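Raw final-v9.pdb, PDB, C-alpha atoms:
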MODEL        1
ATOM      1  CA  GLN A 220     102.773  85.705  90.046
ATOM      2  CA  ARG A 221     102.527  85.535  93.799
ATOM      3  CA  ALA A 222     101.468  87.932  96.507
ATOM      4  CA  THR A 223     102.420  87.966 100.165
ATOM      5  CA  MET A 224      99.671  89.827 101.899
ATOM      6  CA  GLY A 225      99.825  91.583 105.234
ATOM      7  CA  GLU A 226      96.780  92.218 107.359
ATOM      8  CA  LEU A 227      95.477  95.474 105.914
ATOM      9  CA  PRO A 228      92.004  96.941 106.273
ATOM     10  CA  SER A 229      90.440  98.687 103.306
ATOM     11  CA  VAL A 230      92.337 101.877 102.497
ATOM     12  CA  ALA A 231      90.812 104.824 100.662
ATOM     13  CA  GLN A 232      92.872 105.850  97.627
ATOM     14  CA  GLU A 233      93.609 109.257  99.128
ATOM     15  CA  ASP A 234      95.193 107.474 102.106
ATOM     16  CA  LEU A 235      97.422 105.157 100.070
ATOM     17  CA  ALA A 236     101.176 105.403 100.695
ATOM     18  CA  ILE A 237     102.967 103.241  98.138
ATOM     19  CA  VAL A 238     106.608 102.200  98.118
ATOM     20  CA  SER A 239     107.773 100.692  94.823
ATOM     21  CA  LEU A 240     110.915  98.578  94.878
ATOM     22  CA  LEU A 241     111.118  98.074  91.128
ATOM     23  CA  PRO A 242     111.143 100.606  88.262
ATOM     24  CA  SER A 243     108.578  98.561  86.343
ATOM     25  CA  LEU A 244     106.141  98.664  89.255
ATOM     26  CA  THR A 245     106.611 102.414  89.582
ATOM     27  CA  GLU A 246     105.521 102.625  85.949
ATOM     28  CA  VAL A 247     102.523 100.376  86.583
ATOM     29  CA  VAL A 248     101.384 102.528  89.516
ATOM     30  CA  ALA A 249     101.655 105.641  87.354
ATOM     31  CA  GLU A 250      99.817 103.933  84.495
ATOM     32  CA  LEU A 251      96.965 103.249  86.920
ATOM     33  CA  GLY A 252      96.761 106.949  87.744
ATOM     34  CA  LEU A 253      98.233 106.670  91.244
ATOM     35  CA  ALA A 254     101.592 108.409  90.783
ATOM     36  CA  ASP A 255     100.646 110.931  93.463
ATOM     37  CA  ARG A 256     100.182 108.093  95.970
ATOM     38  CA  LEU A 257     103.822 106.988  95.681
ATOM     39  CA  VAL A 258     105.954 107.916  98.682
ATOM     40  CA  GLY A 259     109.116 105.916  97.961
ATOM     41  CA  ILE A 260     110.910 104.583  94.875
ATOM     42  CA  THR A 261     114.217 102.912  93.988
ATOM     43  CA  HIS A 262     117.538 104.427  92.995
ATOM     44  CA  GLU A 263     116.919 103.029  89.494
ATOM     45  CA  CYS A 264     113.458 104.528  88.941
ATOM     46  CA  ASP A 265     113.610 107.032  86.095
ATOM     47  CA  TYR A 266     110.150 107.031  84.491
ATOM     48  CA  PRO A 267     107.609 108.514  84.026
ATOM     49  CA  PRO A 268     108.806 112.145  84.164
ATOM     50  CA  ASP A 269     105.818 113.188  86.281
ATOM     51  CA  VAL A 270     106.953 110.799  89.020
ATOM     52  CA  MET A 271     110.561 111.971  88.800
ATOM     53  CA  ARG A 272     109.435 115.558  89.358
ATOM     54  CA  LEU A 273     107.779 114.640  92.671
ATOM     55  CA  GLY A 274     111.083 114.463  94.541
ATOM     56  CA  LEU A 275     110.179 111.162  96.178
ATOM     57  CA  GLU A 276     112.299 109.438  98.810
ATOM     58  CA  VAL A 277     114.715 106.808  97.468
ATOM     59  CA  VAL A 278     114.476 103.655  99.563
ATOM     60  CA  THR A 279     117.164 101.454  97.986
ATOM     61  CA  THR A 280     120.880 101.558  97.302
ATOM     62  CA  SER A 281     123.189  99.447  95.134
ATOM     63  CA  TYR A 282     126.402  97.627  96.040
ATOM     64  CA  ILE A 283     127.366  97.286  92.365
ATOM     65  CA  THR A 284     130.267  99.618  91.707
ATOM     66  CA  GLY A 285     129.933  99.666  87.917
ATOM     67  CA  GLY A 286     132.668  99.450  85.301
ATOM     68  CA  THR A 287     132.866  97.438  82.106
ATOM     69  CA  GLN A 288     130.344  94.742  81.254
ATOM     70  CA  LYS A 289     132.904  92.083  82.186
ATOM     71  CA  GLU A 290     133.621  93.798  85.529
ATOM     72  CA  ILE A 291     129.929  94.104  86.334
ATOM     73  CA  ASP A 292     129.307  90.463  85.436
ATOM     74  CA  ASP A 293     132.228  89.313  87.612
ATOM     75  CA  GLU A 294     130.987  91.415  90.514
ATOM     76  CA  VAL A 295     127.432  90.105  90.249
ATOM     77  CA  ARG A 296     128.551  86.471  89.998
ATOM     78  CA  ALA A 297     130.872  86.802  93.007
ATOM     79  CA  SER A 298     128.183  88.440  95.109
ATOM     80  CA  LEU A 299     125.512  85.875  94.260
ATOM     81  CA  ALA A 300     127.959  83.001  94.832
ATOM     82  CA  GLU A 301     128.446  84.266  98.377
ATOM     83  CA  ASN A 302     124.679  84.720  98.789
ATOM     84  CA  HIS A 303     125.079  88.481  99.143
ATOM     85  CA  SER A 304     122.366  90.854  98.004
ATOM     86  CA  LEU A 305     123.286  93.312  95.267
ATOM     87  CA  TYR A 306     120.979  95.948  96.732
ATOM     88  CA  ALA A 307     119.864  97.110 100.161
ATOM     89  CA  LEU A 308     116.841  98.797 101.684
ATOM     90  CA  LYS A 309     117.370 102.087 103.467
ATOM     91  CA  GLU A 310     115.800 101.026 106.730
ATOM     92  CA  ASP A 311     115.492 104.508 108.207
ATOM     93  CA  VAL A 312     113.681 105.785 105.124
ATOM     94  CA  LEU A 313     111.316 102.821 104.839
ATOM     95  CA  GLY A 314     110.430 102.993 108.521
ATOM     96  CA  ARG A 315     109.770 106.728 108.349
ATOM     97  CA  LEU A 316     107.540 106.474 105.270
ATOM     98  CA  LYS A 317     105.141 103.986 106.905
ATOM     99  CA  PRO A 318     103.744 102.708 103.593
ATOM    100  CA  THR A 319     100.372 101.051 103.277
ATOM    101  CA  HIS A 320     101.688  99.040 100.319
ATOM    102  CA  VAL A 321     105.153  97.779  99.390
ATOM    103  CA  LEU A 322     105.475  96.503  95.820
ATOM    104  CA  THR A 323     108.350  94.186  94.903
ATOM    105  CA  GLN A 324     109.349  90.987  93.080
ATOM    106  CA  SER A 325     111.253  87.772  93.731
ATOM    107  CA  LEU A 326     111.931  86.725  90.130
ATOM    108  CA  CYS A 327     115.453  88.122  89.826
ATOM    109  CA  ASP A 328     117.947  89.009  92.566
ATOM    110  CA  VAL A 329     120.017  90.904  89.977
ATOM    111  CA  CYS A 330     117.094  93.291  89.368
ATOM    112  CA  ALA A 331     116.042  94.375  92.845
ATOM    113  CA  VAL A 332     116.435  93.892  96.581
ATOM    114  CA  ALA A 333     116.148  90.179  97.420
ATOM    115  CA  PHE A 334     112.580  89.272  98.368
ATOM    116  CA  ASP A 335     113.490  87.569 101.653
ATOM    117  CA  GLN A 336     115.305  90.742 102.723
ATOM    118  CA  VAL A 337     112.267  92.870 101.842
ATOM    119  CA  GLU A 338     109.890  90.523 103.645
ATOM    120  CA  ARG A 339     112.066  90.345 106.761
ATOM    121  CA  LYS A 340     112.733  94.062 107.020
ATOM    122  CA  CYS A 341     109.150  95.081 106.364
ATOM    123  CA  ALA A 342     107.998  92.732 109.125
ATOM    124  CA  ARG A 343     110.409  94.386 111.547
ATOM    125  CA  LEU A 344     110.247  98.032 110.486
ATOM    126  CA  LEU A 345     106.505  98.211 109.834
ATOM    127  CA  ALA A 346     105.331  95.952 112.654
ATOM    128  CA  SER A 347     103.310  98.687 114.349
ATOM    129  CA  ASP A 348     101.430  99.722 111.214
ATOM    130  CA  PRO A 349      99.243  97.641 108.900
ATOM    131  CA  TYR A 350     100.673  97.221 105.417
ATOM    132  CA  GLN A 351     100.452  94.954 102.401
ATOM    133  CA  LEU A 352     103.494  93.417 100.717
ATOM    134  CA  LEU A 353     102.798  92.492  97.112
ATOM    135  CA  SER A 354     105.311  90.517  95.054
ATOM    136  CA  VAL A 355     104.705  90.352  91.316
ATOM    137  CA  GLU A 356     106.731  88.059  89.037
ATOM    138  CA  PRO A 357     105.884  88.554  85.364
ATOM    139  CA  GLN A 358     107.756  86.179  83.064
ATOM    140  CA  SER A 359     105.865  86.816  79.830
ATOM    141  CA  LEU A 360     103.966  89.598  78.088
ATOM    142  CA  GLU A 361     100.680  88.149  79.303
ATOM    143  CA  ASP A 362     102.071  88.161  82.843
ATOM    144  CA  VAL A 363     102.967  91.846  82.439
ATOM    145  CA  ARG A 364      99.426  92.522  81.306
ATOM    146  CA  GLN A 365      98.055  90.630  84.299
ATOM    147  CA  SER A 366     100.426  92.469  86.646
ATOM    148  CA  ILE A 367      98.609  95.703  85.801
ATOM    149  CA  GLU A 368      95.374  94.048  86.919
ATOM    150  CA  THR A 369      96.984  92.504  90.017
ATOM    151  CA  VAL A 370      98.522  95.764  91.207
ATOM    152  CA  GLY A 371      95.392  97.711  90.363
ATOM    153  CA  ALA A 372      93.212  95.359  92.379
ATOM    154  CA  ALA A 373      95.609  95.422  95.352
ATOM    155  CA  LEU A 374      95.578  99.229  95.365
ATOM    156  CA  GLY A 375      91.798  99.406  95.203
ATOM    157  CA  CYS A 376      91.603 100.915  91.724
ATOM    158  CA  LYS A 377      88.244 101.103  90.064
ATOM    159  CA  SER A 378      87.672  98.501  87.376
ATOM    160  CA  GLU A 379      87.468 101.278  84.768
ATOM    161  CA  ALA A 380      90.949 102.539  85.652
ATOM    162  CA  ILE A 381      92.405  99.044  85.405
ATOM    163  CA  ALA A 382      90.644  98.377  82.112
ATOM    164  CA  ASP A 383      91.914 101.679  80.683
ATOM    165  CA  ALA A 384      95.534 100.875  81.633
ATOM    166  CA  VAL A 385      95.325  97.375  80.186
ATOM    167  CA  GLY A 386      93.560  98.761  77.123
ATOM    168  CA  ARG A 387      96.421 101.150  76.375
ATOM    169  CA  PHE A 388      98.878  98.241  76.532
ATOM    170  CA  ASP A 389      96.704  96.103  74.255
ATOM    171  CA  ALA A 390      96.137  98.969  71.816
ATOM    172  CA  LYS A 391      99.867  99.405  71.203
ATOM    173  CA  LEU A 392     100.286  95.710  70.422
ATOM    174  CA  ALA A 393      97.233  95.777  68.175
ATOM    175  CA  ARG A 394      98.665  98.769  66.341
ATOM    176  CA  VAL A 395     101.824  96.804  65.553
ATOM    177  CA  ALA A 396      99.833  93.782  64.413
ATOM    178  CA  GLY A 397      97.785  95.980  62.108
ATOM    179  CA  ALA A 398     100.884  97.495  60.505
ATOM    180  CA  LEU A 399     102.814  94.297  59.763
ATOM    181  CA  PRO A 400     103.616  93.553  56.109
ATOM    182  CA  ALA A 401     100.664  91.773  54.520
ATOM    183  CA  PRO A 402     102.256  88.298  54.213
ATOM    184  CA  LEU A 403     103.217  88.306  57.900
ATOM    185  CA  ALA A 404      99.853  89.650  59.026
ATOM    186  CA  ALA A 405      98.103  86.931  57.009
ATOM    187  CA  GLY A 406     100.195  84.215  58.625
ATOM    188  CA  SER A 407     101.911  83.435  55.340
ATOM    189  CA  ALA A 408     104.686  80.909  55.170
ATOM    190  CA  SER A 409     106.986  83.673  53.910
ATOM    191  CA  PRO A 410     110.179  83.574  55.964
ATOM    192  CA  LYS A 411     110.285  85.951  58.904
ATOM    193  CA  PRO A 412     113.542  87.684  59.743
ATOM    194  CA  ARG A 413     115.535  85.565  62.185
ATOM    195  CA  VAL A 414     116.465  87.788  65.129
ATOM    196  CA  ALA A 415     119.091  87.506  67.850
ATOM    197  CA  LEU A 416     118.616  89.849  70.801
ATOM    198  CA  LEU A 417     121.650  90.164  73.054
ATOM    199  CA  GLU A 418     121.154  91.583  76.527
ATOM    200  CA  TRP A 419     124.849  91.456  77.452
ATOM    201  CA  PHE A 420     128.005  91.386  75.351
ATOM    202  CA  ASP A 421     130.790  90.330  77.726
ATOM    203  CA  PRO A 422     129.964  87.558  78.297
ATOM    204  CA  LEU A 423     127.265  87.070  75.682
ATOM    205  CA  PHE A 424     123.720  86.675  77.029
ATOM    206  CA  TYR A 425     120.653  86.231  74.863
ATOM    207  CA  GLY A 426     117.368  87.781  75.976
ATOM    208  CA  GLY A 427     114.754  85.658  77.708
ATOM    209  CA  HIS A 428     111.386  85.867  79.491
ATOM    210  CA  TRP A 429     109.161  88.018  77.211
ATOM    211  CA  ILE A 430     111.675  88.612  74.399
ATOM    212  CA  GLN A 431     110.498  85.700  72.245
ATOM    213  CA  GLU A 432     106.918  87.021  72.330
ATOM    214  CA  MET A 433     108.008  90.569  71.589
ATOM    215  CA  ILE A 434     109.952  89.554  68.497
ATOM    216  CA  GLN A 435     107.170  87.260  67.307
ATOM    217  CA  LEU A 436     104.547  90.006  67.707
ATOM    218  CA  ALA A 437     106.813  92.375  65.767
ATOM    219  CA  GLY A 438     106.917  89.915  62.876
ATOM    220  CA  GLY A 439     110.196  88.140  63.529
ATOM    221  CA  GLU A 440     111.479  84.701  64.500
ATOM    222  CA  TYR A 441     113.349  84.061  67.756
ATOM    223  CA  THR A 442     114.317  80.575  68.879
ATOM    224  CA  LEU A 443     117.159  81.305  71.294
ATOM    225  CA  ALA A 444     114.688  81.198  74.194
ATOM    226  CA  SER A 445     111.078  80.142  74.526
ATOM    227  CA  ARG A 446     108.304  82.138  76.184
ATOM    228  CA  GLY A 447     109.082  82.709  79.878
ATOM    229  CA  GLU A 448     112.541  81.107  79.730
ATOM    230  CA  ARG A 449     115.332  82.960  81.525
ATOM    231  CA  SER A 450     118.135  84.630  79.622
ATOM    232  CA  LYS A 451     121.354  82.622  79.500
ATOM    233  CA  VAL A 452     125.000  82.827  78.524
ATOM    234  CA  MET A 453     125.796  81.779  74.981
ATOM    235  CA  THR A 454     129.031  81.197  73.089
ATOM    236  CA  ALA A 455     130.233  83.020  70.011
ATOM    237  CA  GLU A 456     130.024  79.689  68.176
ATOM    238  CA  ALA A 457     126.347  79.301  69.126
ATOM    239  CA  LEU A 458     125.566  82.812  67.925
ATOM    240  CA  ALA A 459     127.323  82.117  64.617
ATOM    241  CA  GLU A 460     125.421  78.849  64.203
ATOM    242  CA  TYR A 461     122.122  80.627  64.908
ATOM    243  CA  ASP A 462     122.897  82.742  61.820
ATOM    244  CA  ALA A 463     120.574  85.656  62.534
ATOM    245  CA  ASP A 464     119.298  87.967  59.818
ATOM    246  CA  VAL A 465     119.081  90.761  62.384
ATOM    247  CA  ILE A 466     120.961  91.330  65.639
ATOM    248  CA  VAL A 467     119.467  93.659  68.258
ATOM    249  CA  LEU A 468     121.762  94.819  71.049
ATOM    250  CA  ALA A 469     119.769  95.818  74.139
ATOM    251  CA  PRO A 470     121.901  95.365  77.263
ATOM    252  CA  CYS A 471     119.986  94.963  80.502
ATOM    253  CA  GLY A 472     119.849  98.170  82.515
ATOM    254  CA  PHE A 473     121.762 100.281  79.969
ATOM    255  CA  SER A 474     120.680 103.305  77.961
ATOM    256  CA  LEU A 475     120.965 103.593  74.195
ATOM    257  CA  ASP A 476     124.123 105.700  74.531
ATOM    258  CA  ARG A 477     125.805 103.148  76.802
ATOM    259  CA  CYS A 478     124.735 100.353  74.449
ATOM    260  CA  VAL A 479     126.369 102.096  71.487
ATOM    261  CA  ARG A 480     129.587 102.779  73.401
ATOM    262  CA  ASP A 481     129.866  99.186  74.616
ATOM    263  CA  ALA A 482     129.024  97.713  71.214
ATOM    264  CA  LYS A 483     131.785  99.737  69.599
ATOM    265  CA  SER A 484     134.411  98.892  72.219
ATOM    266  CA  ILE A 485     133.503  95.225  72.850
ATOM    267  CA  LEU A 486     132.322  94.054  69.420
ATOM    268  CA  PHE A 487     133.193  96.427  66.589
ATOM    269  CA  ASP A 488     136.606  97.758  67.607
ATOM    270  CA  GLU A 489     139.375  96.140  65.553
ATOM    271  CA  LYS A 490     141.408  95.685  68.727
ATOM    272  CA  ALA A 491     138.546  94.003  70.613
ATOM    273  CA  GLU A 492     138.913  90.313  71.399
ATOM    274  CA  ALA A 493     135.527  89.587  69.796
ATOM    275  CA  HIS A 494     136.195  91.537  66.596
ATOM    276  CA  GLY A 495     137.270  88.538  64.483
ATOM    277  CA  TRP A 496     134.280  86.287  65.000
ATOM    278  CA  TRP A 497     131.871  89.226  65.268
ATOM    279  CA  THR A 498     132.676  90.617  61.830
ATOM    280  CA  ASN A 499     132.103  87.179  60.289
ATOM    281  CA  LEU A 500     128.436  87.105  61.367
ATOM    282  CA  ARG A 501     126.008  87.440  58.464
ATOM    283  CA  ALA A 502     123.957  90.184  60.146
ATOM    284  CA  VAL A 503     127.119  92.205  60.727
ATOM    285  CA  GLN A 504     128.297  91.772  57.153
ATOM    286  CA  HIS A 505     124.868  92.813  55.846
ATOM    287  CA  ASN A 506     124.766  95.870  58.137
ATOM    288  CA  ARG A 507     121.743  94.586  60.089
ATOM    289  CA  VAL A 508     122.928  95.215  63.637
ATOM    290  CA  TYR A 509     120.934  97.623  65.778
ATOM    291  CA  ALA A 510     121.423  99.167  69.213
ATOM    292  CA  ALA A 511     118.358  99.821  71.375
ATOM    293  CA  ASP A 512     117.535 101.192  74.805
ATOM    294  CA  GLY A 513     117.369  97.937  76.734
ATOM    295  CA  ASN A 514     116.815  99.587  80.099
ATOM    296  CA  GLN A 515     113.622 101.357  79.122
ATOM    297  CA  PHE A 516     112.003  98.990  76.631
ATOM    298  CA  PHE A 517     113.281  95.423  76.957
ATOM    299  CA  SER A 518     114.637  94.457  80.378
ATOM    300  CA  ARG A 519     111.983  95.827  82.731
ATOM    301  CA  PRO A 520     108.539  94.145  82.781
ATOM    302  CA  SER A 521     106.559  97.349  82.457
ATOM    303  CA  PRO A 522     103.742  98.388  80.117
ATOM    304  CA  ARG A 523     106.425  99.944  77.883
ATOM    305  CA  LEU A 524     107.405  96.514  76.634
ATOM    306  CA  ALA A 525     104.687  97.293  74.089
ATOM    307  CA  ASP A 526     106.867 100.202  72.936
ATOM    308  CA  GLY A 527     109.713  97.692  72.668
ATOM    309  CA  VAL A 528     107.589  95.660  70.258
ATOM    310  CA  MET A 529     107.144  98.841  68.225
ATOM    311  CA  ILE A 530     110.920  99.370  68.180
ATOM    312  CA  LEU A 531     111.439  95.839  66.902
ATOM    313  CA  ALA A 532     108.857  96.350  64.154
ATOM    314  CA  GLU A 533     110.614  99.547  63.089
ATOM    315  CA  ILE A 534     113.962  97.730  62.994
ATOM    316  CA  MET A 535     112.727  94.688  61.084
ATOM    317  CA  HIS A 536     110.166  96.156  58.710
ATOM    318  CA  GLY A 537     110.748  99.910  58.497
ATOM    319  CA  SER A 538     107.491 100.684  60.299
ATOM    320  CA  ASP A 539     107.045 104.084  61.934
ATOM    321  CA  PHE A 540     105.650 104.130  65.453
ATOM    322  CA  GLY A 541     107.508 107.208  66.633
ATOM    323  CA  GLN A 542     110.281 105.221  68.348
ATOM    324  CA  ALA A 543     113.228 106.356  66.205
ATOM    325  CA  ASP A 544     114.952 108.091  69.134
ATOM    326  CA  HIS A 545     115.295 104.791  70.993
ATOM    327  CA  TRP A 546     117.308 102.710  68.506
ATOM    328  CA  ILE A 547     120.035 103.131  65.913
ATOM    329  CA  ARG A 548     121.678 101.041  63.196
ATOM    330  CA  LEU A 549     125.314 100.198  63.908
ATOM    331  CA  GLY A 550     128.056  99.650  61.352
ATOM    332  CA  ALA A 551     131.608  98.443  61.412
TER     333      ALA A 551
ENDMDL
END
Give the structure from the file, written as structure tokens.
Amino acid sequence: QRATMGELPSVAQEDLAIVSLLPSLTEVVAELGLADRLVGITHECDYPPDVMRLGLEVVTTSYITGGTQKEIDDEVRASLAENHSLYALKEDVLGRLKPTHVLTQSLCDVCAVAFDQVERKCARLLASDPYQLLSVEPQSLEDVRQSIETVGAALGCKSEAIADAVGRFDAKLARVAGALPAPLAAGSASPKPRVALLEWFDPLFYGGHWIQEMIQLAGGEYTLASRGERSKVMTAEALAEYDADVIVLAPCGFSLDRCVRDAKSILFDEKAEAHGWWTNLRAVQHNRVYAADGNQFFSRPSPRLADGVMILAEIMHGSDFGQADHWIRLGA
């Protein structure tokens, strides 16, 4: 994680004016008890509900026009190849808000406004007012945990507030660990279910960054990516060779409903190009394919990744953590 700090004198919490340029950071701010200090959020921010009810200014816009997964992928690749940003800052809004803190990231240009654009525009638009630009790049679950501490410290939170937020994250993971089947909890050599998590279907992408840790903590095995490794394209042949016991479909940025629709049209439909090889996969034949809300619980590095671990435990082991509304079993 890295931080680019502006020259900012100590600011009382009641005088904070926070702009969040990432949905996950909006969630972190709220988790720290500072939702009422937010003045600007992104067009993709949708949680928590208390923040959404505040009617905050939206400071970003997207150039992605949408469409099918293949169309979105083509558009993103073309834009990045030409070194074009996928998102833009609304300069008039940012300048008018005069934030004391701007929270962003530079890990992924597909996820948010490019960091160099944020840095450059903040320097120009906020030149007359002191501010702090904080860039947080979590690549693992431990990094997400530390990001709560990093943001909390930057915003002047009391140590108790930071500890409480981190404690809630840790408690969810501990709850999963305590509910695992006895052989798994004891570290037995009993085979764990081999899981494939796909974060895009056309083309196929397997999940990276924190996904390996999440599946491991939920009592599964995941060797498509190691801890902190980026997600990558994979072939149908590689997925077949991996021979997963369980396949979790959690497309980046998509809701559960969109995941189900895309899975049916891209993978399960008899007329789909992928249908032949897809139906030959062992997990598909054994009816162990599941759709999940990737946008809320898997693709954004927020404290709710712990809820994603709960979802995985429910899928793999039949546990009950109250997450049943966020995933569904899919059949042919």
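Of note, CA of Arg413 in chain A and CA of Leu475 in chain A are spaced 22.3 Å apart.
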Contacts of range 331-437 of chain A with range 246-262 of chain A up to 10 Å, shortest pair per row, only C-alpha atoms, as a tab-separated table:
residue	atom	partner	partner_atom	distance
A:Ala331	CA	A:Thr261	CA	8.8
A:Val332	CA	A:Thr261	CA	9.6
A:Val363	CA	A:Val247	CA	9.5
A:Arg364	CA	A:Val247	CA	10.0
A:Ser366	CA	A:Val247	CA	8.2
A:Ile367	CA	A:Val247	CA	6.1
A:Glu368	CA	A:Leu251	CA	9.3
A:Val370	CA	A:Val248	CA	7.5
A:Gly371	CA	A:Leu251	CA	6.7
A:Leu374	CA	A:Val248	CA	8.9
A:Cys376	CA	A:Leu251	CA	7.6
A:Lys377	CA	A:Leu251	CA	9.5
A:Glu379	CA	A:Leu251	CA	9.9
A:Ala380	CA	A:Leu251	CA	6.2
A:Ile381	CA	A:Leu251	CA	6.4
A:Ala382	CA	A:Leu251	CA	9.3
A:Asp383	CA	A:Leu251	CA	8.2
A:Ala384	CA	A:Leu251	CA	6.0
A:Val385	CA	A:Glu250	CA	9.0
A:Arg387	CA	A:Glu250	CA	9.2
A:Phe388	CA	A:Glu250	CA	9.8
query: Hey, what's within 10 Å of Glu489 in chain A if we count all atoms listed in the file and toss same-chain stuff fewer than 5 positions away? As a ChimeraX atom specification, please?
result: /A:483-484,494-495,498,551
Selected residues, C-alpha atoms, written as a PDB file, keeping the file's coordinate frame, please.
ATOM      1  CA  LYS A 483     131.785  99.737  69.599  1.00  0.00           C
ATOM      2  CA  SER A 484     134.411  98.892  72.219  1.00  0.00           C
ATOM      3  CA  HIS A 494     136.195  91.537  66.596  1.00  0.00           C
ATOM      4  CA  GLY A 495     137.270  88.538  64.483  1.00  0.00           C
ATOM      5  CA  THR A 498     132.676  90.617  61.830  1.00  0.00           C
ATOM      6  CA  ALA A 551     131.608  98.443  61.412  1.00  0.00           C
TER       7      ALA A 551
END
task: Specify as a list in words each residue included when the PyMOL selection byres ((chain A and resi 546) around 6) is applied to this file.
output: Ala510, Ala511, Ala543, Asp544, His545 and Ile547 of chain A
- prompt: By how many Å are CA of Glu533 in chain A and CA of Val395 in chain A apart?
  reply: 9.5 Å
message: Given only C-alpha atoms as the basis, pick out the residue of A:Asp421, A:Met529, A:Ala415, A:Asp539 nearest to Tyr509 in chain A.
response: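 Answer, going by the shortest atom-to-atom distance: A:Ala415.
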- request: I need the residue set behind the PyMOL selection byres ((chain A and resi 433-443) around 6) for this file; please write it as an MDAnalysis selection string.
  value: chainID A and resid 411:414 430:432 444 528 531:532
Spell out the residues picked by the PyMOL selection byres ((chain A and resi 426) around 6) here, as a PDB file with C-alpha atoms, in the coordinates of the input.
ATOM      1  CA  LEU A 416     118.616  89.849  70.801  1.00  0.00           C
ATOM      2  CA  LEU A 417     121.650  90.164  73.054  1.00  0.00           C
ATOM      3  CA  GLU A 418     121.154  91.583  76.527  1.00  0.00           C
ATOM      4  CA  TYR A 425     120.653  86.231  74.863  1.00  0.00           C
ATOM      5  CA  GLY A 427     114.754  85.658  77.708  1.00  0.00           C
ATOM      6  CA  ILE A 430     111.675  88.612  74.399  1.00  0.00           C
ATOM      7  CA  SER A 450     118.135  84.630  79.622  1.00  0.00           C
TER       8      SER A 450
END
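Ranking A:Val277, A:Gly527, A:Lys340, A:Arg480 by their shortest atom-to-atom distance to Gly541 in chain A, with all atoms listed in the file included, puts A:Gly527 first.
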- prompt: So which one's closest to Lys391 in chain A, A:Pro522, A:Gly537, A:Gly550, A:Gly447? Using only C-alpha atoms, please.
  reply: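 The shortest atom-to-atom distance to Lys391 in chain A comes from A:Pro522.
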Pairwise distance for CA of Ser521 in chain A and CA of Ser298 in chain A, rounded to one decimal in Å: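 Computing it gives 26.6 Å between the two atoms.
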For Thr284 in chain A, find every residue with an atom within 9 Å (counting all atoms listed in the file), except residues of its own chain fewer than 3 positions away, and show them as a compact mmCIF listing (two decimals) with C-alpha atoms, keeping the file's coordinate frame.
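What landed in result11.txt:
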# COMPACT_ATOMS: atom_id res chain seq x y z
CA SER A 281 123.19 99.45 95.13
CA ILE A 291 129.93 94.10 86.33
CA GLU A 294 130.99 91.42 90.51
message: My list of candidates is A:Asp269, A:Glu338, A:Glu460, A:Asp526. Which is closest to Thr323 in chain A when distances are computed with all atoms listed in the file?
response: A:Glu338
message: For range 350-353 of chain A, find every residue with an atom within 12 Å (counting all atoms listed in the file), except residues of its own chain fewer than 5 positions away, and show them as a ChimeraX atom specification.
response: /A:220-230,235-241,244,314,316-325,334-335,337-345,366,369-374
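Of the listed residues (A:Phe473, A:Phe540, A:Phe517, A:Tyr282), A:Tyr282 comes nearest to Leu299 in chain A; the distances count all atoms listed in the file.
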Expected answer as a VMD selection string: all residues with atoms within 6 Å of (123.4, 96.5, 74.7), all atoms listed in the file: chain A and resid 418 to 419 468 to 470 478
message: So, with only C-alpha atoms as the atoms that count, which of A:Gly472, A:Arg501, A:Ala457, A:Pro422 lies closest to Asp293 in chain A?
response: A:Pro422
Write out as JSON an axis-aligned box for range 432-450 of chain A: all of its atoms listed in the file, 5 Å added on each side, centre and edge lengths in Å with one decimal.
{"center_x": 111.3, "center_y": 86.3, "center_z": 72.2, "size_x": 23.6, "size_y": 22.2, "size_z": 28.6}
query: Leaving out Val295 in chain A and any residue of its chain fewer than 2 positions from it, which residues lie within 12 Å of it when counting all atoms listed in the file, given as number ranges by chain?
result: A: 281-286, 288-293, 297-306, 328-330
